[in-house]
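Engineer: Provided herewith is a single structure, encoded as structure tokens, for subsequent inquiry.
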Amino acid sequence: MKNIIVLVSGGGTNLQALIDAQERGEIQNGKITCVISSNPEAYALTRAEHHGIKTQVLSRKNYQNNQIYTQDLLKLLEAEQADLIVLAGFMIILDKALIQAYENKIINVHPSLIPSFCGDGFYGLHVHEKALEKGVKLTGATVHFVNEICDGGAIILQKAVEIQNGDTPEILQKRVMEQAEWKILPQAVSLFCQDRLTVIGSHAYIDYKGE
Ligand code: GAR
């Protein structure tokens, strides 16, 4: 059974999707053993507590920069014996020391079809504002491994979502979460925990086991 550590900063609806999937028995060979928040006020912490999941707060406000923050985060992850680290609305760019220590063991959910609307400065609602500004007809979500390039790691799963007339960033964000993020994140976590993901070069391959 793999120890899944979920890193959060905000509302935690993706964490909730993982908890719900776990409670439905859909996360095979893995268990959420700890939720770590960079923000002491994050509602994600309450969600974890409601389901009896251990929480830790490592407040970003107490650190001068991401590099020093990541050093303490790394210690915490080692103490928690993390097998898989899931960034579920975690709004801090991790320093390379952590990424190297957990190569191909960190996954992130991003609210667009990478390589569109991603990279530095593209996070949360802002991603949807940019998609609407551009006038694309399709957007979606991506789950990918984390490497040293922001939103640049091997893509595990993607799901497209249609943009509709009259969409606001908030309406679009909700649709992308409901139709894409909350589905593909638990799927990717379960595939990882079953050792069904292989990374070769910049690509991630899924073992479909005859599915
Ligand atoms: C989600 O839409 C997630 O994809 C996005 O922030 C939101 C967090 O919501 N993450 C990023 O933009 C990372 N680049 P949540 O706290 O309700 O899961």
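Residues are named by chain letter and number: chains run A, B, ... in the order of the structure tokens, numbers start at 1 in each chain, and ligands are numbered from 1 in the order shown.
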I'd like the neighbourhood of Asn3 (chain A) as a ChimeraX atom specification, where a residue qualifies if any of its atoms comes within 7 Å (using only C-alpha atoms), though same-chain residues fewer than 5 positions away should be ignored.

Structural biologist: /A:30-33,81-84

Engineer: Please list as a list of chain:residue names every residue within 6 Å of region 47-54 of chain A, counting only C-alpha atoms and excluding residues in the same chain fewer than 2 positions away.

Structural biologist: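 In the requested form, the answer reads A:Cys34, A:Ala44, A:Leu45.
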
Engineer: Neighbours of ligand 1 at 7 Å or closer, counting only C-alpha atoms and all ligand atoms: which residues, as an NGL selection string?

Structural biologist: :A and (8-15 or 44 or 88-91 or 109-111 or 122-124 or 127 or 173 or 177 or 181)

Engineer: Could you tell me how far CA of Val86 (chain A) lies from CA of Ser37 (chain A), in Å and to one decimal?

Structural biologist: 11.8 Å

Engineer: Running DSSP on the backbone, which parts of region 30-167 of chain A land in alpha helix (DSSP H), as number ranges by chain?

Structural biologist: A: 43-50, 66-79, 96-101, 125-134

Engineer: Counting only C-alpha atoms, which residue out of A:Gln194, A:Asp72, A:Pro186, A:Ile206 sits closest to Glu23 (chain A)?

Structural biologist: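 With only C-alpha atoms as the atom set, the closest residue is A:Pro186.
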
Engineer: Determine, counting only C-alpha atoms, which protein, DNA and RNA residues have an atom within 9 Å of an atom of region 135-137 of chain A; residues of the same chain fewer than 2 positions away are not included. Present the result as a PyMOL selection string.

Structural biologist: chain A and resi 130-133+139+161-164

Engineer: Output C-alpha atoms for every residue in that selection, as a compact mmCIF listing (two decimals), in the first residue's frame.

Structural biologist:
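Saved as again_20.txt:
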# COMPACT_ATOMS: atom_id res chain seq x y z
CA LYS A 130 -6.76 33.49 -20.34
CA ALA A 131 -8.64 30.71 -22.15
CA LEU A 132 -11.76 32.91 -22.41
CA GLU A 133 -9.66 35.91 -23.50
CA THR A 139 -10.14 23.64 -22.74
CA VAL A 161 -14.13 20.39 -21.77
CA GLU A 162 -16.21 22.61 -24.08
CA ILE A 163 -16.41 26.34 -23.63
CA GLN A 164 -19.94 27.70 -23.88

Engineer: Please return as a JSON list (two decimals) with all heavy atoms, in the first residue's frame: the residues of region 70-171 of chain A that backbone DSSP assigns to strand (DSSP E or B).

Structural biologist:
[["chain", "number", "residue", "atom", "x", "y", "z"],
["A", 84, "LEU", "N", 3.97, 8.77, -2.88],
["A", 84, "LEU", "CA", 3.43, 9.60, -3.96],
["A", 84, "LEU", "C", 3.04, 10.95, -3.36],
["A", 84, "LEU", "O", 2.40, 11.01, -2.31],
["A", 84, "LEU", "CB", 2.19, 8.94, -4.57],
["A", 84, "LEU", "CG", 1.37, 9.82, -5.53],
["A", 84, "LEU", "CD1", 2.18, 10.18, -6.78],
["A", 84, "LEU", "CD2", 0.08, 9.13, -5.95],
["A", 85, "ILE", "N", 3.44, 12.03, -4.04],
["A", 85, "ILE", "CA", 3.07, 13.38, -3.61],
["A", 85, "ILE", "C", 2.12, 13.94, -4.67],
["A", 85, "ILE", "O", 2.45, 13.95, -5.86],
["A", 85, "ILE", "CB", 4.33, 14.27, -3.49],
["A", 85, "ILE", "CG1", 5.29, 13.67, -2.45],
["A", 85, "ILE", "CG2", 3.97, 15.70, -3.13],
["A", 85, "ILE", "CD1", 6.72, 14.13, -2.60],
["A", 86, "VAL", "N", 0.95, 14.37, -4.22],
["A", 86, "VAL", "CA", -0.03, 14.92, -5.15],
["A", 86, "VAL", "C", -0.19, 16.41, -4.88],
["A", 86, "VAL", "O", -0.51, 16.81, -3.76],
["A", 86, "VAL", "CB", -1.41, 14.22, -4.99],
["A", 86, "VAL", "CG1", -2.42, 14.80, -5.98],
["A", 86, "VAL", "CG2", -1.29, 12.72, -5.17],
["A", 87, "LEU", "N", 0.04, 17.22, -5.90],
["A", 87, "LEU", "CA", -0.19, 18.66, -5.77],
["A", 87, "LEU", "C", -1.63, 18.92, -6.22],
["A", 87, "LEU", "O", -1.96, 18.79, -7.40],
["A", 87, "LEU", "CB", 0.78, 19.45, -6.65],
["A", 87, "LEU", "CG", 2.27, 19.09, -6.55],
["A", 87, "LEU", "CD1", 3.11, 20.06, -7.38],
["A", 87, "LEU", "CD2", 2.75, 19.07, -5.10],
["A", 106, "ILE", "N", 5.91, 12.80, -8.09],
["A", 106, "ILE", "CA", 5.09, 13.97, -7.77],
["A", 106, "ILE", "C", 4.16, 14.19, -8.95],
["A", 106, "ILE", "O", 4.62, 14.27, -10.10],
["A", 106, "ILE", "CB", 5.93, 15.25, -7.58],
["A", 106, "ILE", "CG1", 7.09, 14.99, -6.61],
["A", 106, "ILE", "CG2", 5.06, 16.40, -7.09],
["A", 106, "ILE", "CD1", 8.09, 16.15, -6.53],
["A", 107, "ILE", "N", 2.85, 14.28, -8.67],
["A", 107, "ILE", "CA", 1.95, 14.59, -9.78],
["A", 107, "ILE", "C", 1.13, 15.85, -9.45],
["A", 107, "ILE", "O", 0.86, 16.16, -8.30],
["A", 107, "ILE", "CB", 1.04, 13.40, -10.18],
["A", 107, "ILE", "CG1", 0.03, 13.06, -9.13],
["A", 107, "ILE", "CG2", 1.86, 12.19, -10.52],
["A", 107, "ILE", "CD1", -0.87, 11.92, -9.58],
["A", 108, "ASN", "N", 0.78, 16.56, -10.51],
["A", 108, "ASN", "CA", 0.07, 17.83, -10.38],
["A", 108, "ASN", "C", -1.16, 17.81, -11.28],
["A", 108, "ASN", "O", -1.14, 17.21, -12.34],
["A", 108, "ASN", "CB", 1.00, 18.98, -10.83],
["A", 108, "ASN", "CG", 0.35, 20.34, -10.75],
["A", 108, "ASN", "OD1", -0.28, 20.69, -9.76],
["A", 108, "ASN", "ND2", 0.50, 21.13, -11.81],
["A", 109, "VAL", "N", -2.21, 18.48, -10.82],
["A", 109, "VAL", "CA", -3.36, 18.69, -11.70],
["A", 109, "VAL", "C", -3.37, 20.15, -12.11],
["A", 109, "VAL", "O", -3.21, 21.04, -11.28],
["A", 109, "VAL", "CB", -4.69, 18.25, -11.03],
["A", 109, "VAL", "CG1", -4.99, 19.00, -9.75],
["A", 109, "VAL", "CG2", -5.86, 18.39, -12.01],
["A", 110, "HIS", "N", -3.53, 20.37, -13.42],
["A", 110, "HIS", "CA", -3.51, 21.73, -13.95],
["A", 110, "HIS", "C", -4.80, 21.95, -14.76],
["A", 110, "HIS", "O", -5.18, 21.09, -15.56],
["A", 110, "HIS", "CB", -2.28, 21.94, -14.84],
["A", 110, "HIS", "CG", -2.20, 23.34, -15.37],
["A", 110, "HIS", "ND1", -1.77, 24.40, -14.61],
["A", 110, "HIS", "CD2", -2.57, 23.85, -16.57],
["A", 110, "HIS", "CE1", -1.85, 25.51, -15.32],
["A", 110, "HIS", "NE2", -2.33, 25.21, -16.52],
["A", 138, "LEU", "N", -12.30, 24.77, -26.84],
["A", 138, "LEU", "CA", -12.08, 23.63, -25.95],
["A", 138, "LEU", "C", -10.99, 23.97, -24.96],
["A", 138, "LEU", "O", -9.99, 24.58, -25.32],
["A", 138, "LEU", "CB", -11.58, 22.41, -26.75],
["A", 138, "LEU", "CG", -12.57, 21.51, -27.46],
["A", 138, "LEU", "CD1", -11.80, 20.42, -28.20],
["A", 138, "LEU", "CD2", -13.56, 20.89, -26.50],
["A", 139, "THR", "N", -11.22, 23.59, -23.71],
["A", 139, "THR", "CA", -10.14, 23.64, -22.74],
["A", 139, "THR", "C", -10.18, 22.30, -22.00],
["A", 139, "THR", "O", -10.59, 21.32, -22.58],
["A", 139, "THR", "CB", -10.25, 24.89, -21.83],
["A", 139, "THR", "OG1", -9.13, 24.92, -20.97],
["A", 139, "THR", "CG2", -11.54, 24.91, -21.03],
["A", 140, "GLY", "N", -9.76, 22.26, -20.73],
["A", 140, "GLY", "CA", -9.81, 20.98, -20.05],
["A", 140, "GLY", "C", -8.85, 20.95, -18.89],
["A", 140, "GLY", "O", -8.53, 21.98, -18.29],
["A", 141, "ALA", "N", -8.38, 19.75, -18.57],
["A", 141, "ALA", "CA", -7.44, 19.60, -17.46],
["A", 141, "ALA", "C", -6.39, 18.57, -17.82],
["A", 141, "ALA", "O", -6.61, 17.71, -18.68],
["A", 141, "ALA", "CB", -8.18, 19.19, -16.18],
["A", 142, "THR", "N", -5.26, 18.67, -17.13],
["A", 142, "THR", "CA", -4.13, 17.77, -17.36],
["A", 142, "THR", "C", -3.59, 17.30, -16.01],
["A", 142, "THR", "O", -3.44, 18.11, -15.10],
["A", 142, "THR", "CB", -2.99, 18.53, -18.09],
["A", 142, "THR", "OG1", -3.49, 19.06, -19.33],
["A", 142, "THR", "CG2", -1.79, 17.61, -18.37],
["A", 143, "VAL", "N", -3.29, 16.02, -15.91],
["A", 143, "VAL", "CA", -2.53, 15.51, -14.77],
["A", 143, "VAL", "C", -1.17, 15.10, -15.32],
["A", 143, "VAL", "O", -1.10, 14.37, -16.32],
["A", 143, "VAL", "CB", -3.23, 14.32, -14.08],
["A", 143, "VAL", "CG1", -2.37, 13.80, -12.93],
["A", 143, "VAL", "CG2", -4.59, 14.74, -13.57],
["A", 144, "HIS", "N", -0.12, 15.61, -14.67],
["A", 144, "HIS", "CA", 1.22, 15.34, -15.19],
["A", 144, "HIS", "C", 2.22, 15.14, -14.06],
["A", 144, "HIS", "O", 1.97, 15.57, -12.92],
["A", 144, "HIS", "CB", 1.67, 16.50, -16.09],
["A", 144, "HIS", "CG", 1.79, 17.81, -15.36],
["A", 144, "HIS", "ND1", 2.97, 18.25, -14.80],
["A", 144, "HIS", "CD2", 0.87, 18.76, -15.08],
["A", 144, "HIS", "CE1", 2.76, 19.42, -14.21],
["A", 144, "HIS", "NE2", 1.51, 19.75, -14.37],
["A", 145, "PHE", "N", 3.32, 14.49, -14.38],
["A", 145, "PHE", "CA", 4.42, 14.40, -13.43],
["A", 145, "PHE", "C", 5.08, 15.77, -13.35],
["A", 145, "PHE", "O", 5.07, 16.54, -14.31],
["A", 145, "PHE", "CB", 5.45, 13.35, -13.88],
["A", 145, "PHE", "CG", 5.01, 11.94, -13.59],
["A", 145, "PHE", "CD1", 4.64, 11.09, -14.62],
["A", 145, "PHE", "CD2", 4.97, 11.46, -12.29],
["A", 145, "PHE", "CE1", 4.23, 9.78, -14.35],
["A", 145, "PHE", "CE2", 4.57, 10.16, -12.01],
["A", 145, "PHE", "CZ", 4.20, 9.32, -13.04],
["A", 155, "ILE", "N", 3.03, 14.06, -19.38],
["A", 155, "ILE", "CA", 1.56, 14.10, -19.23],
["A", 155, "ILE", "C", 1.03, 12.68, -18.98],
["A", 155, "ILE", "O", 1.35, 11.74, -19.71],
["A", 155, "ILE", "CB", 0.93, 14.72, -20.50],
["A", 155, "ILE", "CG1", 1.29, 16.21, -20.57],
["A", 155, "ILE", "CG2", -0.59, 14.53, -20.52],
["A", 155, "ILE", "CD1", 0.94, 16.89, -21.87],
["A", 156, "ILE", "N", 0.19, 12.55, -17.95],
["A", 156, "ILE", "CA", -0.39, 11.25, -17.61],
["A", 156, "ILE", "C", -1.79, 11.12, -18.21],
["A", 156, "ILE", "O", -2.08, 10.17, -18.93],
["A", 156, "ILE", "CB", -0.45, 11.07, -16.06],
["A", 156, "ILE", "CG1", 0.96, 11.20, -15.46],
["A", 156, "ILE", "CG2", -1.07, 9.73, -15.70],
["A", 156, "ILE", "CD1", 0.98, 11.34, -13.94],
["A", 157, "LEU", "N", -2.66, 12.07, -17.91],
["A", 157, "LEU", "CA", -4.04, 12.03, -18.42],
["A", 157, "LEU", "C", -4.49, 13.45, -18.77],
["A", 157, "LEU", "O", -4.08, 14.41, -18.10],
["A", 157, "LEU", "CB", -5.01, 11.46, -17.37],
["A", 157, "LEU", "CG", -4.91, 9.98, -17.00],
["A", 157, "LEU", "CD1", -5.83, 9.69, -15.81],
["A", 157, "LEU", "CD2", -5.28, 9.07, -18.16],
["A", 158, "GLN", "N", -5.34, 13.55, -19.78],
["A", 158, "GLN", "CA", -5.95, 14.83, -20.12],
["A", 158, "GLN", "C", -7.42, 14.60, -20.45],
["A", 158, "GLN", "O", -7.79, 13.52, -20.93],
["A", 158, "GLN", "CB", -5.28, 15.48, -21.34],
["A", 158, "GLN", "CG", -3.88, 15.94, -21.05],
["A", 158, "GLN", "CD", -3.28, 16.74, -22.18],
["A", 158, "GLN", "OE1", -3.11, 16.22, -23.27],
["A", 158, "GLN", "NE2", -2.92, 17.99, -21.92],
["A", 159, "LYS", "N", -8.24, 15.62, -20.19],
["A", 159, "LYS", "CA", -9.65, 15.52, -20.57],
["A", 159, "LYS", "C", -10.11, 16.89, -21.06],
["A", 159, "LYS", "O", -9.86, 17.90, -20.40],
["A", 159, "LYS", "CB", -10.48, 15.06, -19.37],
["A", 159, "LYS", "CG", -11.86, 14.59, -19.75],
["A", 159, "LYS", "CD", -12.47, 13.72, -18.66],
["A", 159, "LYS", "CE", -13.74, 13.04, -19.13],
["A", 159, "LYS", "NZ", -14.81, 13.96, -19.49],
["A", 160, "ALA", "N", -10.77, 16.88, -22.21],
["A", 160, "ALA", "CA", -11.23, 18.15, -22.81],
["A", 160, "ALA", "C", -12.61, 18.53, -22.29],
["A", 160, "ALA", "O", -13.42, 17.67, -21.97],
["A", 160, "ALA", "CB", -11.26, 18.00, -24.33],
["A", 161, "VAL", "N", -12.85, 19.82, -22.23],
["A", 161, "VAL", "CA", -14.13, 20.39, -21.77],
["A", 161, "VAL", "C", -14.49, 21.52, -22.73],
["A", 161, "VAL", "O", -13.63, 22.33, -23.09],
["A", 161, "VAL", "CB", -13.98, 20.93, -20.32],
["A", 161, "VAL", "CG1", -15.23, 21.67, -19.88],
["A", 161, "VAL", "CG2", -13.64, 19.80, -19.35],
["A", 162, "GLU", "N", -15.77, 21.56, -23.14],
["A", 162, "GLU", "CA", -16.21, 22.61, -24.08],
["A", 162, "GLU", "C", -16.44, 23.93, -23.38],
["A", 162, "GLU", "O", -16.93, 23.98, -22.25],
["A", 162, "GLU", "CB", -17.52, 22.18, -24.75],
["A", 162, "GLU", "CG", -17.29, 21.20, -25.86],
["A", 162, "GLU", "CD", -18.57, 20.83, -26.59],
["A", 162, "GLU", "OE1", -19.59, 21.52, -26.44],
["A", 162, "GLU", "OE2", -18.53, 19.82, -27.31]]

Engineer: Can you tell me, as a list of chain:residue names, what residues are no more than 8 Å from Cys193 (chain A) when counting only C-alpha atoms, ignoring any on the same chain fewer than 5 positions away?

Structural biologist: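 Listing them by chain and then by number gives A:Met1, A:Lys2, A:Ile27, A:Gln28, A:Asn29, A:Gly30, A:Leu84.
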
Engineer: Using Å and a single decimal, report how far CA of Leu73 (chain A) sits from CA of Ser38 (chain A).

Structural biologist: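 Value for the CA of Ser38 (chain A)-CA of Leu73 (chain A) distance: 9.5 Å.
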
Engineer: Taking into account only C-alpha atoms, which residue in the set A:Asp95, A:Asp207, A:Asp151, A:Asp195 is nearest to Asp120 (chain A)?

Structural biologist: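 Of the candidates, the smallest distance to Asp120 (chain A) is held by A:Asp151.
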
Engineer: One decimal, Å: what's the distance from CA of Ala21 (chain A) over to CA of Thr55 (chain A), could you say?

Structural biologist: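 If I compute the distance from CA of Ala21 (chain A) to CA of Thr55 (chain A), I get 18.7 Å.
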
Engineer: Could you tell me which of A:Ile36, A:Leu197, A:Ile19, A:Ile93 comes closest to Leu76 (chain A) if we count only C-alpha atoms?

Structural biologist: A:Ile36

Engineer: From the list A:Ser190, A:Asn39, A:Gln179, A:Ser202, which residue is nearest Val146 (chain A) when using only C-alpha atoms?

Structural biologist: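 Counting only C-alpha atoms, the residue closest to Val146 (chain A) is A:Ser202.
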
Engineer: Name the closest residue to Ala79 (chain A) among the candidates A:Leu113, A:Phe192, A:Ile5, A:Leu172; distances are taken between atoms, counting only C-alpha atoms.

Structural biologist: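 Checking each of A:Leu113, A:Phe192, A:Ile5, A:Leu172 against Ala79 (chain A), counting only C-alpha atoms, the winner is A:Ile5.
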
Engineer: Tell me which of A:Gln16, A:Gln100, A:Thr198, A:Thr46 sits closest to Thr70 (chain A), counting only C-alpha atoms.

Structural biologist: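 Distance minimum relative to Thr70 (chain A) lands on A:Gln100.
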
Engineer: So which residues touch Gln71 (chain A) within 10 Å, counting only C-alpha atoms, skipping near sequence neighbours fewer than 2 positions away, as a list in words?

Structural biologist: Asn66, Gln67, Ile68, Tyr69, Leu73, Leu74, Lys75, Leu76, Leu94, Asp95, Ala97 and Leu98 of chain A
